[in-house]
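Reading through the structure tokens given below for one structure.
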Number of protein chains: 4
Amino acid sequence: MRLHIEASNGIPIYEQICRQVKFAVANRALQVGEHVPSVREMAGQLAVNPNTVSRAYRDLQAAGVLIPIRGTGLAVTPEAPAKCKSERLDLIRDRLRLVLAEAHYNQITDDEIRQLVESELHRLNSDVTENSPLPVTTEEHA
Amino acid sequence: MRLHIEASNGIPIYEQICRQVKFAVANRALQVGEHVPSVREMAGQLAVNPNTVSRAYRDLQAAGVLIPIRGTGLAVTPEAPAKCKSERLDLIRDRLRLVLAEAHYNQITDDEIRQLVESELHRLNSDVTENSPLPVTTEEHA
Amino acid sequence: MRLHIEASNGIPIYEQICRQVKFAVANRALQVGEHVPSVREMAGQLAVNPNTVSRAYRDLQAAGVLIPIRGTGLAVTPEAPAKCKSERLDLIRDRLRLVLAEAHYNQITDDEIRQLVESELHRLNSDVTENSPLPVTTEEHA
Amino acid sequence: MRLHIEASNGIPIYEQICRQVKFAVANRALQVGEHVPSVREMAGQLAVNPNTVSRAYRDLQAAGVLIPIRGTGLAVTPEAPAKCKSERLDLIRDRLRLVLAEAHYNQITDDEIRQLVESELHRLNSDVTENSPLPVTTEEHA
DNA sequence: GTGGTCTAGACCACG
DNA sequence: GTGGTCTAGACCACC
């Protein structure tokens, strides 16, 4: 369970946690019945306030992804993998759609978009090999 | 000058206005010296708070895209087209980068991403022909 | 909009707020489109922390009862009355069920239960006329 | 001694145990001098943490309902039946009061409340005969 | 002015 | 040990 929080890409931390837990479940990095790191532990790892993690976990409970096991923590529900897998691409698609729509409605051609996508994919793949944990210095809006 | 505000796609309204004015300048839909609609008129068109338009125009002045003409309103500066053209793809790239990074760091494969992109591009193109809420291709651009 | 928070009846404050807003909508004490008191104002009235009110309002947004109007506050959605009316008795029923189940499974007879109910109803009605700690000023159309 | 724990009806498990032991004493299902099941046995039956049972028994000792018999376990005290009988309806009344108060202060009419009560009583009575999830009457007249 | 996010820390309930 | 609630207060973004 390694999460990658970006100190601000416009998405609130609690939601980044939320999304990434869902991705982890979809990817089987988190198995059914497995406990998610405790609020305090996760907060320590990410160097964020426990309340922030708590809120993310609360949202995940509301989404039926986590279930509280009294006194022991929060576990992945049996229904979670199905939910998360079906959501997996949607979570990305929804964000992508907004970006592409702006481009499209402002006369960026499909080919220009494809070129941007390829160049960014290339960049991400090189980052991985080089190491660069947080190369993106940009901000969504400020 | 038709702008397309989305009630909330995560980007503040004033910035949506700002970006779209820049795109319009880059696309020559707004010519040098041409006046931008007055704050009140634009606010009426978009059904947003005049303060919001005002803020966008302020930012555009700070960016050197607009310049106040005493008593008549705000006009596109001579330097604007160059600035806006060079920014054109960067504005999109910055947003795109954030989305792709999330996908990448969560085990979405490059091919899945490409597929999402293509399906969204297809969707956007059909929207235009089918119901065309925003007839971007309509004009002139010589 | 007078809410009656009980310092602790076992139900968290934010949920008491949540439930009572729903009741108010169901009772037409809160009309569609009407703004709910601001977080800070409500917090002042109830003498609770603004975050507590904020959480209640957040839950109400998630439930589709409130919708944020940028910069101006939170308004009752058009769908809210239907939702709240249909929930009105359910909210009570769910709590009631738990109490009655305990009684029933522990050999309290139906008649004893009815007697308790009547005596408590009587008590509540006299409270209102005698010292009325919470003079429900609402307006009952039906 | 069959107890009926509900995973979460808002009342902590230890208190559910506590209350139900009291009801059992009041109902003579538990006689003076009789031993209550051991912590481990009860914990096994209810599938709860032994600490939880332990806490319930501790509270019952504090209430003078149980008394430790060296080396053998916990027995019902001679004073218990009187105490429990007098508490019997109060335990229910206190919970009922909170529910009815909420209903009353939110414009639920007395008649609506009575109707809810009757429908829930009916429901409970049919449950017993139909599928009996909790066969309190134990023996099947079938 | 509005709500939203985040931090910090106290306290409680439960196991 | 776990999570949940609540308080307090800072800071931000938006209108």
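Following the order of the structure tokens, first chain is A, next is B, and so on, with residues numbered from 1 inside each chain and ligands from 1 in the order they appear.
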Could you give me, as JSON lines, every chain A residue with an atom at most 12 Å from chain F, plus its closest atom pair and distance in Å to one decimal, counting only C-alpha atoms (C1' of nucleotides), rows ordered by chain then number?
```
{"residue": "A:Gly10", "atom": "CA", "partner": "F:DA13", "partner_atom": "C1'", "distance": 11.2}
{"residue": "A:His35", "atom": "CA", "partner": "F:DT2", "partner_atom": "C1'", "distance": 11.6}
{"residue": "A:Val36", "atom": "CA", "partner": "F:DT2", "partner_atom": "C1'", "distance": 11.9}
{"residue": "A:Pro37", "atom": "CA", "partner": "F:DT2", "partner_atom": "C1'", "distance": 10.9}
{"residue": "A:Ser38", "atom": "CA", "partner": "F:DT2", "partner_atom": "C1'", "distance": 7.6}
{"residue": "A:Val39", "atom": "CA", "partner": "F:DG3", "partner_atom": "C1'", "distance": 7.8}
{"residue": "A:Arg40", "atom": "CA", "partner": "F:DT2", "partner_atom": "C1'", "distance": 9.6}
{"residue": "A:Glu41", "atom": "CA", "partner": "F:DT2", "partner_atom": "C1'", "distance": 11.2}
{"residue": "A:Pro50", "atom": "CA", "partner": "F:DG3", "partner_atom": "C1'", "distance": 10.8}
{"residue": "A:Asn51", "atom": "CA", "partner": "F:DG4", "partner_atom": "C1'", "distance": 10.3}
{"residue": "A:Val53", "atom": "CA", "partner": "F:DG3", "partner_atom": "C1'", "distance": 11.2}
{"residue": "A:Ser54", "atom": "CA", "partner": "F:DG3", "partner_atom": "C1'", "distance": 8.2}
{"residue": "A:Arg55", "atom": "CA", "partner": "F:DG4", "partner_atom": "C1'", "distance": 10.5}
{"residue": "A:Tyr57", "atom": "CA", "partner": "F:DG3", "partner_atom": "C1'", "distance": 9.8}
{"residue": "A:Arg58", "atom": "CA", "partner": "F:DG3", "partner_atom": "C1'", "distance": 9.8}
{"residue": "A:Gln61", "atom": "CA", "partner": "F:DG3", "partner_atom": "C1'", "distance": 12.0}
{"residue": "A:Ile67", "atom": "CA", "partner": "F:DG3", "partner_atom": "C1'", "distance": 11.2}
{"residue": "A:Pro68", "atom": "CA", "partner": "F:DG3", "partner_atom": "C1'", "distance": 8.1}
{"residue": "A:Ile69", "atom": "CA", "partner": "F:DT2", "partner_atom": "C1'", "distance": 8.9}
{"residue": "A:Arg70", "atom": "CA", "partner": "F:DT2", "partner_atom": "C1'", "distance": 7.5}
{"residue": "A:Gly71", "atom": "CA", "partner": "F:DT2", "partner_atom": "C1'", "distance": 4.6}
{"residue": "A:Thr72", "atom": "CA", "partner": "F:DT2", "partner_atom": "C1'", "distance": 5.1}
{"residue": "A:Gly73", "atom": "CA", "partner": "F:DT2", "partner_atom": "C1'", "distance": 5.5}
{"residue": "A:Leu74", "atom": "CA", "partner": "F:DG3", "partner_atom": "C1'", "distance": 8.5}
{"residue": "A:His141", "atom": "CA", "partner": "F:DA13", "partner_atom": "C1'", "distance": 10.1}
{"residue": "A:Ala142", "atom": "CA", "partner": "F:DA13", "partner_atom": "C1'", "distance": 8.7}
```
Write the residues of the selection above to a file with N, CA and C atoms, as a short mmCIF file (atom, residue, chain, number, x, y, z; two decimals), in the first residue's frame.
```
data_model
loop_
_atom_site.label_atom_id
_atom_site.label_comp_id
_atom_site.auth_asym_id
_atom_site.auth_seq_id
_atom_site.Cartn_x
_atom_site.Cartn_y
_atom_site.Cartn_z
N GLY A 10 -4.75 20.00 -7.02
CA GLY A 10 -6.14 20.44 -7.12
C GLY A 10 -7.11 19.46 -6.51
N HIS A 35 -6.88 -5.79 6.00
CA HIS A 35 -7.06 -4.51 6.67
C HIS A 35 -6.27 -3.44 5.97
N VAL A 36 -6.86 -2.30 5.90
CA VAL A 36 -6.19 -1.13 5.38
C VAL A 36 -5.32 -0.61 6.53
N PRO A 37 -4.24 0.09 6.25
CA PRO A 37 -3.43 0.60 7.36
C PRO A 37 -4.29 1.45 8.29
N SER A 38 -3.98 1.41 9.57
CA SER A 38 -4.79 2.17 10.52
C SER A 38 -4.69 3.66 10.20
N VAL A 39 -5.70 4.37 10.64
CA VAL A 39 -5.73 5.81 10.39
C VAL A 39 -4.41 6.46 10.80
N ARG A 40 -3.98 6.11 12.00
CA ARG A 40 -2.75 6.74 12.50
C ARG A 40 -1.52 6.34 11.70
N GLU A 41 -1.49 5.08 11.30
CA GLU A 41 -0.32 4.63 10.55
C GLU A 41 -0.27 5.30 9.18
N PRO A 50 -4.22 12.81 10.82
CA PRO A 50 -5.09 11.63 10.92
C PRO A 50 -6.52 11.90 10.51
N ASN A 51 -7.01 13.09 10.81
CA ASN A 51 -8.39 13.40 10.42
C ASN A 51 -8.58 13.34 8.92
N VAL A 53 -7.00 11.35 6.81
CA VAL A 53 -7.11 9.94 6.45
C VAL A 53 -8.48 9.41 6.88
N SER A 54 -8.87 9.85 8.06
CA SER A 54 -10.14 9.41 8.60
C SER A 54 -11.29 9.75 7.66
N ARG A 55 -11.23 10.94 7.15
CA ARG A 55 -12.29 11.35 6.24
C ARG A 55 -12.29 10.49 4.98
N TYR A 57 -11.30 7.43 4.74
CA TYR A 57 -11.81 6.11 5.11
C TYR A 57 -13.33 6.15 5.31
N ARG A 58 -13.78 7.23 5.84
CA ARG A 58 -15.23 7.37 6.03
C ARG A 58 -15.95 7.34 4.68
N GLN A 61 -16.06 3.92 3.38
CA GLN A 61 -17.11 3.12 4.01
C GLN A 61 -18.45 3.43 3.37
N ILE A 67 -15.19 -1.77 5.47
CA ILE A 67 -16.15 -2.05 6.53
C ILE A 67 -15.40 -2.10 7.85
N PRO A 68 -15.98 -1.49 8.87
CA PRO A 68 -15.27 -1.46 10.15
C PRO A 68 -15.36 -2.80 10.86
N ILE A 69 -14.25 -3.28 11.36
CA ILE A 69 -14.23 -4.46 12.21
C ILE A 69 -13.95 -3.95 13.61
N ARG A 70 -14.97 -4.05 14.45
CA ARG A 70 -14.91 -3.40 15.77
C ARG A 70 -13.59 -3.64 16.49
N GLY A 71 -12.98 -2.55 16.80
CA GLY A 71 -11.77 -2.62 17.60
C GLY A 71 -10.52 -3.03 16.86
N THR A 72 -10.66 -3.45 15.60
CA THR A 72 -9.46 -3.92 14.92
C THR A 72 -9.10 -3.11 13.69
N GLY A 73 -10.04 -2.36 13.18
CA GLY A 73 -9.70 -1.55 12.02
C GLY A 73 -10.70 -1.68 10.89
N LEU A 74 -10.26 -1.36 9.71
CA LEU A 74 -11.15 -1.37 8.56
C LEU A 74 -10.68 -2.38 7.53
N HIS A 141 -5.03 24.67 -10.70
CA HIS A 141 -5.46 26.06 -10.69
C HIS A 141 -4.95 26.64 -9.40
N ALA A 142 -4.73 27.90 -9.36
CA ALA A 142 -4.14 28.39 -8.13
C ALA A 142 -4.66 29.75 -7.78
#
```
Can you tell me which residues surround C:Leu89 at a distance of at most 10 Å, considering only C-alpha atoms (C1' of nucleotides), apart from same-chain residues fewer than 6 positions away, and format the answer as a list in words?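 Using only C-alpha atoms (C1' of nucleotides), the neighbours found are Phe23 of chain C; Ala103, Ile108, Glu112, Ile113 and Leu116 of chain D.
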Selection to disk with N, CA and C atoms, as a tab-separated table (two decimals), in the first residue's frame:
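For reference, out-v3.tsv as written:
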```tsv
chain	number	residue	atom	x	y	z
C	23	PHE	N	-36.38	16.74	8.33
C	23	PHE	CA	-37.74	16.91	8.82
C	23	PHE	C	-38.30	18.28	8.42
D	103	ALA	N	-39.63	12.38	17.37
D	103	ALA	CA	-40.81	12.37	16.51
D	103	ALA	C	-41.70	13.57	16.84
D	108	ILE	N	-44.34	14.94	13.95
D	108	ILE	CA	-45.02	13.68	13.70
D	108	ILE	C	-46.18	13.65	14.68
D	112	GLU	N	-49.79	9.22	14.06
D	112	GLU	CA	-48.79	8.59	13.19
D	112	GLU	C	-47.87	7.71	14.03
D	113	ILE	N	-47.49	8.21	15.18
D	113	ILE	CA	-46.62	7.42	16.05
D	113	ILE	C	-47.30	6.12	16.45
D	116	LEU	N	-47.18	3.71	13.68
D	116	LEU	CA	-45.87	3.10	13.53
D	116	LEU	C	-45.68	2.00	14.57
```
For a quick test of understanding: name the residues of chain C lying within 9 Å of chain D when counting only C-alpha atoms, and present them as a PyMOL selection string. chain C and resi 4+9-11+20+23-24+27+88-89+92-93+95-108+110+112-114+116-118+120-121+124-125+134+136+138+140
Using only C-alpha atoms (C1' of nucleotides), find which residues of chain E lie within 9 Å of chain D and jot them down as a PyMOL selection string. chain E and resi 13-15
Selection from above, C-alpha atoms (C1' of nucleotides), as a PDB file, in the first residue's frame, can you write it?
```pdb
ATOM      1  C1'  DA E  13     -16.317   3.991  22.946  1.00  0.00           C
ATOM      2  C1'  DC E  14     -15.021  -0.406  21.786  1.00  0.00           C
ATOM      3  C1'  DG E  15     -12.301  -4.713  21.895  1.00  0.00           C
TER       4       DG E  15
END
```
Using all C-alpha atoms matched in sequence order, least-squares fit chain D onto chain B and give the RMSD rounded to one decimal in Å. 2.3 Å
Tell me, which residues of chain D carry DSSP helix (DSSP H, G or I), written as a PyMOL selection string? chain D and resi 13-26+39-46+50-62+80-105+110-130
Hey, what's within 10 Å of B:Ala80 if we count only C-alpha atoms (C1' of nucleotides) and toss same-chain stuff fewer than 6 positions away? As a PDB file with C-alpha atoms, in the first residue's frame, please?
```pdb
ATOM      1  CA  LYS B  22      -6.772  33.166 -24.332  1.00  0.00           C
ATOM      2  CA  VAL B  25      -7.123  35.086 -29.045  1.00  0.00           C
ATOM      3  CA  ALA B  26      -4.844  32.236 -30.110  1.00  0.00           C
ATOM      4  CA  LEU B  30     -10.613  37.592 -30.977  1.00  0.00           C
ATOM      5  CA  GLN B  31      -8.500  40.023 -32.996  1.00  0.00           C
ATOM      6  CA  VAL B  32      -5.961  42.541 -31.747  1.00  0.00           C
ATOM      7  CA  GLY B  33      -7.672  45.748 -30.741  1.00  0.00           C
ATOM      8  CA  LEU B  60      -6.162  38.849 -18.261  1.00  0.00           C
ATOM      9  CA  ALA B  63      -1.270  38.634 -18.139  1.00  0.00           C
ATOM     10  CA  GLY B  64      -0.984  41.402 -20.720  1.00  0.00           C
ATOM     11  CA  VAL B  65      -3.753  39.963 -22.850  1.00  0.00           C
ATOM     12  CA  LEU B  66      -6.232  42.763 -22.296  1.00  0.00           C
ATOM     13  CA  ILE B  67      -5.706  46.450 -21.860  1.00  0.00           C
ATOM     14  CA  SER B  86       2.557  29.934 -27.251  1.00  0.00           C
TER      15      SER B  86
END
```
How many Å separate atom CA of B:Met1 from atom CA of B:Pro78? 18.2 Å
Could you pull out the residues in stretch 19-135 of chain C that DSSP calls strand (DSSP E) from the backbone, as a PyMOL selection string? chain C and resi 66-69+73-76
